[in-house]
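Worksheet: the structure to be examined is printed underneath.
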Amino acid sequence: MRKTELVLDKSIMAFLCLVLCVDLWILSIFYIPVLVFILGLTGFTVLRSFYGKLCVSTITISVALLLLFEVINYFFSDYKPNSILFLRELIVIFCFFIILDFFLKNKANRKYKVYLIGFISLLGGLLALFNIPIFFFKYYEASIYGFSDFTQFRFLYNPMGFLSNEWVTIILCFLPFPFMGLLLLWKKKYVRLVFIFIIGVLIFNILISFSRAGILALLLFVILLNIFFIFYEVIPIKKILIGNAIALFSLSLFIFCFFESFQSSFKQSESHQRSVDGRLSQWEQVINTANVKPFFGIGSKNYALLGRNSQEFNVEYAFTGRTNNTFLQLILEKGWIGFSLWLSIIGFFCFHLVTGIKKRKNKLSIATNSIILIGVISILFRELFFSSLFYNSGLLLLFLVLLSFNYSRTYTIFKKPLIISTMAFVLLIGVYFYKQPENALSIAKKGLEHERELNIHFKQDMTRTQQDSLVKVLQLFQRANELSPSDAMFQHNLGWLYWSIEQKDSAYIYLSRAVRTEPNIALYHISKGLIEESIGNEAEAFAAFKRAILLSPDIVDSPFFNDLKERNPLAAEKLLRDISDDLLQRLAVRYSSIIDAKSGKLLLSIGETEQAYKKFVHVTQFHPNLSRPWFYLGLIEQKRKNYEAMKNYYKKCLFLSPFDHLPLFAFATYYKNINDISKYESYQKAAEKAWENKRSVHSSQSKRQYFLETNKDDVIPNGLLDYITPSFKLSFYD
């Protein structure tokens, strides 16, 4: 029997390590395996002994309470297909802790806690180590193009596939483990050196993120660690001073090597101020939305889809898809009940960490409890400025594992209730898994595919048969809109479908609704303007076109605007000048590099080339990470026949946006003019591919809104996206 138990223990340990290895990327793959595993473990527990009791730790009970709340939250969710994703992930986390409980309940297995700390430390160290070459490659690549301040280009740096800001939180979650391992295994010289190396690599990864809040969280960790260790005399002061001296020297060396980027991280630039203003505005909007459903919230994972309904027209609008504050996300998605429950459980563990530090006399226990408490405080501080825990369930699991090393109190439950509850739990989960709620995006995709099969192109007159066929498409989009009434694209497509079957009143209603729902998408304003123009409301049409161009000035290079100039050249010219004046007036009130760049584009479009050039140069000094100003600088140099400068600007644009069709077409035009056929064909092919792969705004956001991909061009009618997308012609700028 002991041999069987030993094999099982090793299998469990291997399974837990496997989950921790890949949980940061895709926790959901363990959904079925953990259920099978938990059934097997329950059965083995029954056969293993004749005792009628089983011990369960506090962390498992806590996760069970959270899981129970998430089930309730799911039923109150405004959009269930998203919320069920988080519920499933929390089920995996719950099962993980049940397995961990079973594994560690015997005293013989307690030693595995140290092995688990070592494994997590090693995992974090390896991930951080593998990321360092990625950083230096991106840093070197940026320097080739003349960019020395790396903070401007963090959006191009995706460590191990994560956002750089999310990576900081991941590293902060890993950081306490090697510190605990270092203390627990201090007497083993080579193991001690490995842990010190891991700590150094993890800290270096936080520093090279150049995240101001991340670096402040690291400083908080270090300061609190010093305070706790000195106050409780955990380590001799001499060793603490030596450690701090080494850390300060290393930090000074890092600042010396990356001075400009480090300075930029803390300098209150216009970019930082815009970021702060944007966050404050977003937080205010979140609170306003949360007040509508204060108790259970809008449902887990629903912020990107539902949390932006109160937005207003904003020339500087940027979609983040994140709340940028975990605590506000809790209030919005889970309501005040969920917010209180989650924070109460975290607070409960923090309280016991503090009491454990005060009561225990063993310095090693005091030190490990201190490290866990400091790690939790630092992570929660970090989550004030960038939300990660509830966007990455694997990271949430890692955070809860950190808490589980704190408080080992267990409660006894009887086996019979355990078996019954396990069977009921698995049955319930099976129902959740196989009974999929209707997904609005999947239904809309079917409607879109059917519309494409009809092969009706924008501006093409339809036969009666085609109009009748569109009714099926319309019904599918009506169902999608019922399931997700906050999605403006469904409303937009419904508007055009009603227009196509000559129900103009309904068309106008839905297109107007799309504009109200998401007033910062240029497409919806153009569609509404085209409808207004077709029914003779020219003033309203041009007002809609003005808002669209304010949001996306490169529309003036599109076939849509070219047609508008042919239909009404005087009104189109006046529209451009009015928009240019509007942008200049906004700049007179408050400087914004985004508005300055848009102003430069409008000045270029009305022939004020020299003024436009000065503005683009100014913008690139403030915001070198904006790709289109570099393109327009290259375009001006191309018109001036300064081809070396042109190449330099176009290359910078393509570095920042490799799949931008405009600089690719511009390069193709240049090489065609100088008869370099091989390069012409290469750039032309790349440009055509970029054009084919362009995405609508809704398509690029759908992965975050629905956690599903949709068609690159999900705009109805077919061809409208091409119609409003800027195309490259040098004659546009004559």
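Naming works like this for the structure tokens: A, B, ... for the chains as they're shown, residue 1 at the start of each chain, ligands 1 onward in shown order.
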Task: 7 Å contact set for Asn82 of chain A, only C-alpha atoms, chain neighbours under 5 positions out, as JSON, numbers by chain - done: {"A": [300, 301, 302, 706]}
Write the residues of the preceding selection, restricted to all heavy atoms, as a PDB file, in the first residue's frame.
```pdb
ATOM      1  N   SER A 300     -18.353  38.673 -14.291  1.00  0.00           N
ATOM      2  CA  SER A 300     -16.915  38.518 -14.507  1.00  0.00           C
ATOM      3  C   SER A 300     -16.558  38.569 -15.984  1.00  0.00           C
ATOM      4  O   SER A 300     -17.309  38.087 -16.836  1.00  0.00           O
ATOM      5  CB  SER A 300     -16.444  37.187 -13.915  1.00  0.00           C
ATOM      6  OG  SER A 300     -16.683  37.163 -12.526  1.00  0.00           O
ATOM      7  N   LYS A 301     -15.410  39.169 -16.279  1.00  0.00           N
ATOM      8  CA  LYS A 301     -14.839  39.290 -17.627  1.00  0.00           C
ATOM      9  C   LYS A 301     -15.695  40.139 -18.573  1.00  0.00           C
ATOM     10  O   LYS A 301     -15.576  40.040 -19.792  1.00  0.00           O
ATOM     11  CB  LYS A 301     -14.611  37.899 -18.259  1.00  0.00           C
ATOM     12  CG  LYS A 301     -13.434  37.144 -17.669  1.00  0.00           C
ATOM     13  CD  LYS A 301     -13.171  35.864 -18.439  1.00  0.00           C
ATOM     14  CE  LYS A 301     -11.954  35.132 -17.904  1.00  0.00           C
ATOM     15  NZ  LYS A 301     -10.679  35.739 -18.282  1.00  0.00           N
ATOM     16  N   ASN A 302     -16.555  40.998 -18.027  1.00  0.00           N
ATOM     17  CA  ASN A 302     -17.471  41.764 -18.881  1.00  0.00           C
ATOM     18  C   ASN A 302     -17.083  43.230 -19.047  1.00  0.00           C
ATOM     19  O   ASN A 302     -17.792  43.965 -19.743  1.00  0.00           O
ATOM     20  CB  ASN A 302     -18.902  41.689 -18.327  1.00  0.00           C
ATOM     21  CG  ASN A 302     -19.621  40.434 -18.773  1.00  0.00           C
ATOM     22  OD1 ASN A 302     -19.254  39.814 -19.774  1.00  0.00           O
ATOM     23  ND2 ASN A 302     -20.631  40.041 -18.029  1.00  0.00           N
ATOM     24  N   TYR A 706     -15.124  39.426 -26.360  1.00  0.00           N
ATOM     25  CA  TYR A 706     -15.863  38.156 -26.368  1.00  0.00           C
ATOM     26  C   TYR A 706     -14.967  36.937 -26.157  1.00  0.00           C
ATOM     27  O   TYR A 706     -15.468  35.823 -26.087  1.00  0.00           O
ATOM     28  CB  TYR A 706     -16.593  37.984 -27.709  1.00  0.00           C
ATOM     29  CG  TYR A 706     -17.708  38.964 -27.928  1.00  0.00           C
ATOM     30  CD1 TYR A 706     -17.520  40.106 -28.693  1.00  0.00           C
ATOM     31  CD2 TYR A 706     -18.967  38.759 -27.372  1.00  0.00           C
ATOM     32  CE1 TYR A 706     -18.544  41.010 -28.912  1.00  0.00           C
ATOM     33  CE2 TYR A 706     -19.999  39.658 -27.575  1.00  0.00           C
ATOM     34  CZ  TYR A 706     -19.781  40.781 -28.350  1.00  0.00           C
ATOM     35  OH  TYR A 706     -20.805  41.674 -28.556  1.00  0.00           O
TER      36      TYR A 706
END
```
TODO: Within 9 Å of segment 56-72 of chain A, counting only C-alpha atoms, which residues show up once you throw out same-chain ones fewer than 6 positions away? Write them as a ChimeraX atom specification, please.
DONE: /A:83-84,86-87,90-91,93-98,100-102,105,296,299-300,334,337-338,341-342,345,349,400-401,403-404,407-413
Can you spit out the residues from that selection as a CSV table (one decimal), in the first residue's frame, using N, CA and C atoms?
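Output file out31.csv follows:
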```
chain,number,residue,atom,x,y,z
A,83,SER,N,-18.7,35.4,-18.5
A,83,SER,CA,-18.6,35.1,-17.1
A,83,SER,C,-18.4,33.6,-16.8
A,84,ILE,N,-18.9,32.7,-17.7
A,84,ILE,CA,-18.7,31.3,-17.5
A,84,ILE,C,-17.2,30.9,-17.7
A,86,PHE,N,-14.6,32.7,-16.6
A,86,PHE,CA,-13.9,32.9,-15.3
A,86,PHE,C,-14.4,31.8,-14.3
A,87,LEU,N,-15.6,31.5,-14.4
A,87,LEU,CA,-16.2,30.4,-13.5
A,87,LEU,C,-15.4,29.1,-13.7
A,90,LEU,N,-11.9,29.4,-12.2
A,90,LEU,CA,-12.0,29.3,-10.8
A,90,LEU,C,-12.2,27.8,-10.3
A,91,ILE,N,-12.9,27.1,-11.1
A,91,ILE,CA,-13.2,25.7,-10.8
A,91,ILE,C,-11.8,24.9,-10.8
A,93,ILE,N,-8.9,26.3,-10.3
A,93,ILE,CA,-8.1,26.7,-9.1
A,93,ILE,C,-8.6,26.0,-7.9
A,94,PHE,N,-9.9,25.8,-7.7
A,94,PHE,CA,-10.5,25.2,-6.6
A,94,PHE,C,-10.0,23.7,-6.5
A,95,CYS,N,-10.1,23.0,-7.7
A,95,CYS,CA,-9.6,21.6,-7.7
A,95,CYS,C,-8.1,21.5,-7.4
A,96,PHE,N,-7.3,22.5,-7.9
A,96,PHE,CA,-5.9,22.5,-7.6
A,96,PHE,C,-5.7,22.5,-6.1
A,97,PHE,N,-6.4,23.3,-5.4
A,97,PHE,CA,-6.2,23.4,-3.9
A,97,PHE,C,-6.7,22.2,-3.2
A,98,ILE,N,-7.8,21.5,-3.7
A,98,ILE,CA,-8.2,20.2,-3.2
A,98,ILE,C,-7.1,19.2,-3.3
A,100,LEU,N,-3.9,19.8,-3.7
A,100,LEU,CA,-2.8,20.2,-2.8
A,100,LEU,C,-3.1,19.8,-1.4
A,101,ASP,N,-4.4,20.0,-0.9
A,101,ASP,CA,-4.8,19.6,0.4
A,101,ASP,C,-4.5,18.1,0.6
A,102,PHE,N,-5.0,17.3,-0.3
A,102,PHE,CA,-4.9,15.8,-0.2
A,102,PHE,C,-3.4,15.5,-0.2
A,105,LYS,N,-1.8,16.7,3.4
A,105,LYS,CA,-2.5,16.4,4.7
A,105,LYS,C,-1.7,15.5,5.5
A,296,PHE,N,-24.3,42.8,-7.4
A,296,PHE,CA,-23.6,41.7,-8.0
A,296,PHE,C,-22.8,42.1,-9.3
A,299,GLY,N,-20.9,41.2,-14.0
A,299,GLY,CA,-20.5,39.8,-14.3
A,299,GLY,C,-19.0,39.8,-14.7
A,300,SER,N,-18.4,38.7,-14.3
A,300,SER,CA,-16.9,38.5,-14.5
A,300,SER,C,-16.6,38.6,-16.0
A,334,LYS,N,-18.2,42.4,-10.1
A,334,LYS,CA,-18.7,41.5,-9.1
A,334,LYS,C,-19.6,42.2,-8.0
A,337,ILE,N,-20.9,43.2,-3.1
A,337,ILE,CA,-20.9,41.9,-2.4
A,337,ILE,C,-19.6,41.1,-2.8
A,338,GLY,N,-19.3,41.0,-4.1
A,338,GLY,CA,-18.1,40.3,-4.5
A,338,GLY,C,-16.9,41.0,-4.0
A,341,LEU,N,-16.3,40.3,-0.4
A,341,LEU,CA,-15.9,38.9,-0.2
A,341,LEU,C,-14.5,38.6,-0.5
A,342,TRP,N,-14.1,39.1,-1.7
A,342,TRP,CA,-12.7,38.9,-2.2
A,342,TRP,C,-11.7,39.6,-1.2
A,345,ILE,N,-11.5,37.9,2.3
A,345,ILE,CA,-10.7,36.6,2.3
A,345,ILE,C,-9.2,37.0,2.3
A,349,PHE,N,-6.4,36.4,5.5
A,349,PHE,CA,-5.0,35.8,5.4
A,349,PHE,C,-3.9,36.7,5.9
A,400,LEU,N,-2.8,33.1,-5.1
A,400,LEU,CA,-3.5,32.3,-4.0
A,400,LEU,C,-2.5,31.2,-3.5
A,401,VAL,N,-1.7,30.7,-4.3
A,401,VAL,CA,-0.6,29.7,-3.8
A,401,VAL,C,0.3,30.4,-2.8
A,403,LEU,N,-0.5,32.9,-0.9
A,403,LEU,CA,-1.3,33.0,0.4
A,403,LEU,C,-1.4,31.7,1.1
A,404,SER,N,-1.4,30.6,0.4
A,404,SER,CA,-1.6,29.2,1.0
A,404,SER,C,-0.3,28.8,1.8
A,407,TYR,N,-1.0,30.1,6.0
A,407,TYR,CA,-1.8,29.7,7.1
A,407,TYR,C,-2.3,28.3,6.9
A,408,SER,N,-1.8,27.4,7.7
A,408,SER,CA,-2.0,26.0,7.5
A,408,SER,C,-3.1,25.3,8.4
A,409,ARG,N,-3.9,26.1,9.0
A,409,ARG,CA,-5.0,25.6,9.8
A,409,ARG,C,-5.9,24.8,9.0
A,410,THR,N,-6.3,23.6,9.5
A,410,THR,CA,-7.2,22.7,8.7
A,410,THR,C,-8.5,22.5,9.5
A,411,TYR,N,-9.5,22.1,8.8
A,411,TYR,CA,-10.8,21.7,9.4
A,411,TYR,C,-11.2,20.3,8.9
A,412,THR,N,-11.9,19.6,9.8
A,412,THR,CA,-12.2,18.2,9.6
A,412,THR,C,-13.6,18.1,8.9
A,413,ILE,N,-13.7,17.3,7.9
A,413,ILE,CA,-15.0,17.0,7.3
A,413,ILE,C,-15.1,15.4,7.2
```
Any idea what's packed within 8 Å of segment 370-384 of chain A, counting only C-alpha atoms, ignoring anything in its chain fewer than 6 positions away? Could you give it as a short mmCIF file (atom, residue, chain, number, x, y, z; two decimals) with all heavy atoms, in the first residue's frame?
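Output below, filename selection.cif:
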```cif
data_model
loop_
_atom_site.label_atom_id
_atom_site.label_comp_id
_atom_site.auth_asym_id
_atom_site.auth_seq_id
_atom_site.Cartn_x
_atom_site.Cartn_y
_atom_site.Cartn_z
N THR A 169 3.58 42.33 -12.74
CA THR A 169 2.79 41.71 -11.67
C THR A 169 3.15 40.23 -11.52
O THR A 169 3.22 39.71 -10.40
CB THR A 169 1.28 41.86 -11.96
OG1 THR A 169 1.00 43.21 -12.31
CG2 THR A 169 0.46 41.48 -10.75
N LEU A 172 6.35 40.05 -9.63
CA LEU A 172 6.11 40.37 -8.22
C LEU A 172 5.51 39.18 -7.48
O LEU A 172 5.78 38.97 -6.29
CB LEU A 172 5.18 41.58 -8.10
CG LEU A 172 5.82 42.96 -8.27
CD1 LEU A 172 4.75 44.04 -8.35
CD2 LEU A 172 6.78 43.26 -7.13
N CYS A 173 4.68 38.38 -8.17
CA CYS A 173 4.11 37.18 -7.54
C CYS A 173 5.17 36.11 -7.33
O CYS A 173 5.12 35.35 -6.36
CB CYS A 173 2.97 36.63 -8.41
SG CYS A 173 1.40 37.48 -8.18
N LEU A 175 8.43 36.77 -6.87
CA LEU A 175 9.54 37.29 -6.08
C LEU A 175 9.61 36.77 -4.64
O LEU A 175 10.72 36.46 -4.15
CB LEU A 175 9.49 38.83 -6.08
CG LEU A 175 10.71 39.56 -5.53
CD1 LEU A 175 11.98 39.17 -6.28
CD2 LEU A 175 10.50 41.07 -5.60
N PRO A 176 8.50 36.62 -3.89
CA PRO A 176 8.63 36.14 -2.50
C PRO A 176 9.16 34.71 -2.39
O PRO A 176 9.79 34.37 -1.37
CB PRO A 176 7.19 36.22 -1.97
CG PRO A 176 6.50 37.22 -2.85
CD PRO A 176 7.12 37.03 -4.19
N PHE A 179 12.99 34.30 -2.04
CA PHE A 179 13.39 34.82 -0.73
C PHE A 179 13.12 33.79 0.36
O PHE A 179 13.94 33.57 1.26
CB PHE A 179 12.65 36.12 -0.43
CG PHE A 179 13.31 37.35 -0.98
CD1 PHE A 179 12.86 37.95 -2.14
CD2 PHE A 179 14.40 37.92 -0.34
CE1 PHE A 179 13.46 39.08 -2.65
CE2 PHE A 179 15.02 39.05 -0.84
CZ PHE A 179 14.56 39.64 -2.00
N MET A 180 11.93 33.14 0.29
CA MET A 180 11.61 32.09 1.27
C MET A 180 12.56 30.91 1.11
O MET A 180 13.06 30.35 2.10
CB MET A 180 10.17 31.63 1.10
CG MET A 180 9.13 32.65 1.58
SD MET A 180 7.47 31.97 1.64
CE MET A 180 7.04 31.90 -0.10
N ALA A 213 4.91 52.40 -11.74
CA ALA A 213 4.20 51.76 -10.62
C ALA A 213 4.87 50.44 -10.24
O ALA A 213 4.92 50.07 -9.06
CB ALA A 213 2.74 51.54 -10.99
N GLY A 214 5.38 49.71 -11.24
CA GLY A 214 6.06 48.44 -10.96
C GLY A 214 7.33 48.64 -10.16
O GLY A 214 7.61 47.89 -9.19
N ALA A 217 6.42 49.53 -6.66
CA ALA A 217 6.00 48.33 -5.92
C ALA A 217 7.22 47.54 -5.46
O ALA A 217 7.24 46.99 -4.34
CB ALA A 217 5.09 47.46 -6.78
N LEU A 218 8.24 47.46 -6.31
CA LEU A 218 9.49 46.77 -5.94
C LEU A 218 10.18 47.49 -4.78
O LEU A 218 10.65 46.85 -3.83
CB LEU A 218 10.42 46.71 -7.15
CG LEU A 218 11.81 46.13 -6.91
CD1 LEU A 218 11.73 44.69 -6.45
CD2 LEU A 218 12.67 46.24 -8.17
N LEU A 220 8.74 49.34 -2.55
CA LEU A 220 7.91 49.08 -1.37
C LEU A 220 8.27 47.72 -0.77
O LEU A 220 8.39 47.58 0.45
CB LEU A 220 6.43 49.14 -1.75
CG LEU A 220 5.43 48.85 -0.64
CD1 LEU A 220 5.49 49.94 0.44
CD2 LEU A 220 4.00 48.77 -1.20
N PHE A 221 8.42 46.73 -1.63
CA PHE A 221 8.80 45.37 -1.19
C PHE A 221 10.13 45.41 -0.43
O PHE A 221 10.25 44.85 0.67
CB PHE A 221 8.90 44.45 -2.41
CG PHE A 221 9.21 43.02 -2.08
CD1 PHE A 221 8.20 42.10 -1.91
CD2 PHE A 221 10.53 42.59 -1.94
CE1 PHE A 221 8.48 40.77 -1.60
CE2 PHE A 221 10.83 41.27 -1.63
CZ PHE A 221 9.80 40.36 -1.47
N LEU A 224 9.86 47.47 3.01
CA LEU A 224 9.14 46.70 4.04
C LEU A 224 9.95 45.50 4.50
O LEU A 224 9.94 45.16 5.70
CB LEU A 224 7.78 46.24 3.51
CG LEU A 224 6.73 47.34 3.29
CD1 LEU A 224 5.47 46.76 2.67
CD2 LEU A 224 6.39 48.04 4.61
N LEU A 225 10.66 44.88 3.58
CA LEU A 225 11.50 43.73 3.95
C LEU A 225 12.58 44.16 4.94
O LEU A 225 12.82 43.46 5.94
CB LEU A 225 12.14 43.15 2.68
CG LEU A 225 12.69 41.73 2.77
CD1 LEU A 225 11.57 40.73 3.00
CD2 LEU A 225 13.44 41.38 1.49
N PHE A 228 10.85 44.91 8.44
CA PHE A 228 10.45 43.70 9.17
C PHE A 228 11.67 42.94 9.68
O PHE A 228 11.70 42.49 10.83
CB PHE A 228 9.60 42.80 8.27
CG PHE A 228 8.14 43.12 8.30
CD1 PHE A 228 7.65 44.24 7.65
CD2 PHE A 228 7.25 42.31 8.98
CE1 PHE A 228 6.30 44.55 7.68
CE2 PHE A 228 5.89 42.60 9.01
CZ PHE A 228 5.41 43.73 8.36
N ASN A 324 -7.58 49.01 -15.39
CA ASN A 324 -6.34 49.58 -14.84
C ASN A 324 -6.39 49.76 -13.33
O ASN A 324 -5.58 50.48 -12.77
CB ASN A 324 -6.00 50.92 -15.52
CG ASN A 324 -5.46 50.71 -16.92
OD1 ASN A 324 -4.66 49.82 -17.14
ND2 ASN A 324 -5.92 51.51 -17.86
N ASN A 325 -7.35 49.11 -12.69
CA ASN A 325 -7.41 49.11 -11.23
C ASN A 325 -8.23 47.90 -10.81
O ASN A 325 -9.45 47.84 -11.06
CB ASN A 325 -8.04 50.40 -10.71
CG ASN A 325 -8.03 50.48 -9.20
OD1 ASN A 325 -8.55 49.62 -8.51
ND2 ASN A 325 -7.42 51.54 -8.68
N THR A 326 -7.58 46.93 -10.20
CA THR A 326 -8.26 45.67 -9.84
C THR A 326 -9.42 45.89 -8.88
O THR A 326 -10.45 45.21 -8.97
CB THR A 326 -7.24 44.69 -9.22
OG1 THR A 326 -6.37 44.25 -10.26
CG2 THR A 326 -7.91 43.50 -8.60
N PHE A 327 -9.28 46.84 -7.97
CA PHE A 327 -10.32 47.05 -6.96
C PHE A 327 -11.59 47.62 -7.60
O PHE A 327 -12.71 47.23 -7.25
CB PHE A 327 -9.78 47.98 -5.87
CG PHE A 327 -8.51 47.46 -5.25
CD1 PHE A 327 -7.27 47.95 -5.66
CD2 PHE A 327 -8.54 46.47 -4.30
CE1 PHE A 327 -6.10 47.45 -5.12
CE2 PHE A 327 -7.38 45.97 -3.74
CZ PHE A 327 -6.15 46.46 -4.16
N CYS A 350 -4.10 38.01 5.48
CA CYS A 350 -3.12 39.03 5.91
C CYS A 350 -3.14 39.19 7.43
O CYS A 350 -2.09 39.35 8.06
CB CYS A 350 -3.41 40.36 5.22
SG CYS A 350 -3.02 40.38 3.46
N LEU A 353 -1.33 36.39 8.96
CA LEU A 353 0.10 36.58 8.75
C LEU A 353 0.67 37.49 9.83
O LEU A 353 1.72 37.23 10.41
CB LEU A 353 0.36 37.18 7.36
CG LEU A 353 0.36 36.22 6.18
CD1 LEU A 353 0.30 36.99 4.86
CD2 LEU A 353 1.59 35.33 6.20
N VAL A 354 -0.04 38.59 10.10
CA VAL A 354 0.40 39.55 11.10
C VAL A 354 0.42 38.91 12.49
O VAL A 354 1.40 39.04 13.25
CB VAL A 354 -0.50 40.81 11.10
CG1 VAL A 354 -0.15 41.72 12.26
CG2 VAL A 354 -0.36 41.55 9.78
N ILE A 357 3.24 36.50 12.81
CA ILE A 357 4.53 37.19 13.01
C ILE A 357 4.69 37.60 14.47
O ILE A 357 5.76 37.48 15.06
CB ILE A 357 4.63 38.42 12.08
CG1 ILE A 357 4.72 37.97 10.62
CG2 ILE A 357 5.84 39.28 12.43
CD1 ILE A 357 4.54 39.09 9.61
N PHE A 399 -1.02 33.82 -7.12
CA PHE A 399 -1.22 34.70 -5.97
C PHE A 399 -1.84 33.93 -4.80
O PHE A 399 -1.42 34.08 -3.65
CB PHE A 399 -2.13 35.86 -6.39
CG PHE A 399 -2.46 36.82 -5.28
CD1 PHE A 399 -1.50 37.67 -4.76
CD2 PHE A 399 -3.74 36.87 -4.75
CE1 PHE A 399 -1.80 38.56 -3.74
CE2 PHE A 399 -4.06 37.75 -3.73
CZ PHE A 399 -3.08 38.60 -3.22
N LEU A 402 0.64 31.70 -3.15
CA LEU A 402 1.47 32.48 -2.22
C LEU A 402 0.76 32.61 -0.87
O LEU A 402 1.38 32.44 0.19
CB LEU A 402 1.75 33.86 -2.82
CG LEU A 402 2.54 34.85 -1.94
CD1 LEU A 402 3.93 34.31 -1.64
CD2 LEU A 402 2.62 36.21 -2.62
N LEU A 403 -0.54 32.90 -0.89
CA LEU A 403 -1.31 33.00 0.36
C LEU A 403 -1.36 31.66 1.10
O LEU A 403 -1.36 31.61 2.33
CB LEU A 403 -2.73 33.47 0.08
CG LEU A 403 -2.92 34.94 -0.29
CD1 LEU A 403 -4.39 35.21 -0.62
CD2 LEU A 403 -2.47 35.86 0.83
N PHE A 405 0.81 29.44 1.53
CA PHE A 405 2.00 29.11 2.31
C PHE A 405 2.00 29.79 3.67
O PHE A 405 2.90 29.60 4.47
CB PHE A 405 3.27 29.50 1.54
CG PHE A 405 3.65 28.49 0.50
CD1 PHE A 405 3.24 28.64 -0.80
CD2 PHE A 405 4.40 27.37 0.84
CE1 PHE A 405 3.57 27.71 -1.77
CE2 PHE A 405 4.74 26.43 -0.12
CZ PHE A 405 4.32 26.59 -1.42
N ASN A 406 0.97 30.58 3.89
CA ASN A 406 0.90 31.35 5.13
C ASN A 406 0.21 30.60 6.26
O ASN A 406 0.76 30.41 7.32
CB ASN A 406 0.17 32.67 4.80
CG ASN A 406 -0.81 33.10 5.87
OD1 ASN A 406 -0.49 33.11 7.03
ND2 ASN A 406 -1.99 33.48 5.47
#
```
TODO: Go ahead and compute the interatomic distance for atom CA of Glu260 of chain A and atom CA of Pro159 of chain A, in Å to one decimal.
DONE: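 Taking atom CA of Glu260 of chain A and atom CA of Pro159 of chain A, their separation equals 21.1 Å.
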TODO: Between A:Glu451, A:Ile206, A:Phe174, A:Lys641, single out the one closest to Ile117 of chain A, counting only C-alpha atoms.
DONE: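 Nearest to Ile117 of chain A: A:Phe174.
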Open item on the list: Set the distance at 9 Å and use only C-alpha atoms: which residues neighbour Leu523 of chain A once local chain neighbours fewer than 6 positions away are removed? I'd like the list as a PyMOL selection string.
Closed with: chain A and resi 492+548+696-697+720-721+724
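Candidate residues A:Ile227, A:Leu332, A:Ala541, A:Cys257 were compared for distance to Asn291 of chain A, and the nearest is A:Leu332, using only C-alpha atoms.
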Open item on the list: For a quick check of understanding, using only C-alpha atoms, which of A:Ser702, A:Ser387, A:Asn288, A:Asn625 has the smallest distance to Gln329 of chain A?
Closed with: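 Under the stated criterion, the closest residue is A:Ser387.
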TODO: Work out how far atom CA of Ala318 of chain A is from atom CA of Glu284 of chain A, in Å to one decimal.
DONE: 15.7 Å
Open item on the list: Let's see if you can do this: from backbone DSSP, list all helix (DSSP H, G or I) residues in segment 172-306 of chain A, as an NGL selection string.
Closed with: :A and (172-174 or 176-184 or 189-207 or 212-231 or 237-257 or 259-266 or 270-290 or 303-306)
- [ ] For atom CA of Val556 of chain A and atom CA of Asn314 of chain A, quote the distance in Å rounded to one decimal.
- [x]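 Between atom CA of Val556 of chain A and atom CA of Asn314 of chain A the gap works out to 19.1 Å.
The protein and nucleic acid residues lying at most 10 Å from Phe665 of chain A are Asp660, Tyr670, Tyr671, Tyr680, Tyr683, Gln684, Lys685, Ala686, Ala687, Glu688, Ala690, Trp691, Ser727, Phe728 and Lys729 of chain A, with only C-alpha atoms considered and sequence neighbours fewer than 5 positions away removed.
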Open item on the list: Counting only C-alpha atoms, which residue out of A:Phe655, A:Trp630, A:Phe15, A:Arg695 sits closest to Val617 of chain A?
Closed with: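 For Val617 of chain A, the nearest of the candidates is A:Trp630.
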- [ ] Do a neighbour search on Ile171 of chain A at 9 Å with only C-alpha atoms, toss out local chain neighbours closer than 5 positions, and write the hits as number ranges by chain.
- [x] A: 124, 128, 166, 202-203, 205-206
Open item on the list: Excluding Leu251 of chain A and its own-chain neighbours fewer than 5 positions away, which residues fall within 10 Å of it when counting only C-alpha atoms? Please give them as a list in words.
Closed with: Ile203, Phe204, Leu207, Ala245, Ile246, Phe256 and Cys257 of chain A
Suppose we keep C-alpha atoms; can you now write the selection as a PDB file, in the first residue's frame?
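Output (again-v3.pdb):
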```pdb
ATOM      1  CA  ILE A 203      14.402  42.234  -9.927  1.00  0.00           C
ATOM      2  CA  PHE A 204      16.180  42.995 -13.211  1.00  0.00           C
ATOM      3  CA  LEU A 207      13.502  47.264 -13.716  1.00  0.00           C
ATOM      4  CA  ALA A 245      24.816  47.875  -0.435  1.00  0.00           C
ATOM      5  CA  ILE A 246      24.951  45.262  -3.198  1.00  0.00           C
ATOM      6  CA  PHE A 256      23.822  54.448 -15.442  1.00  0.00           C
ATOM      7  CA  CYS A 257      23.328  51.996 -18.343  1.00  0.00           C
TER       8      CYS A 257
END
```
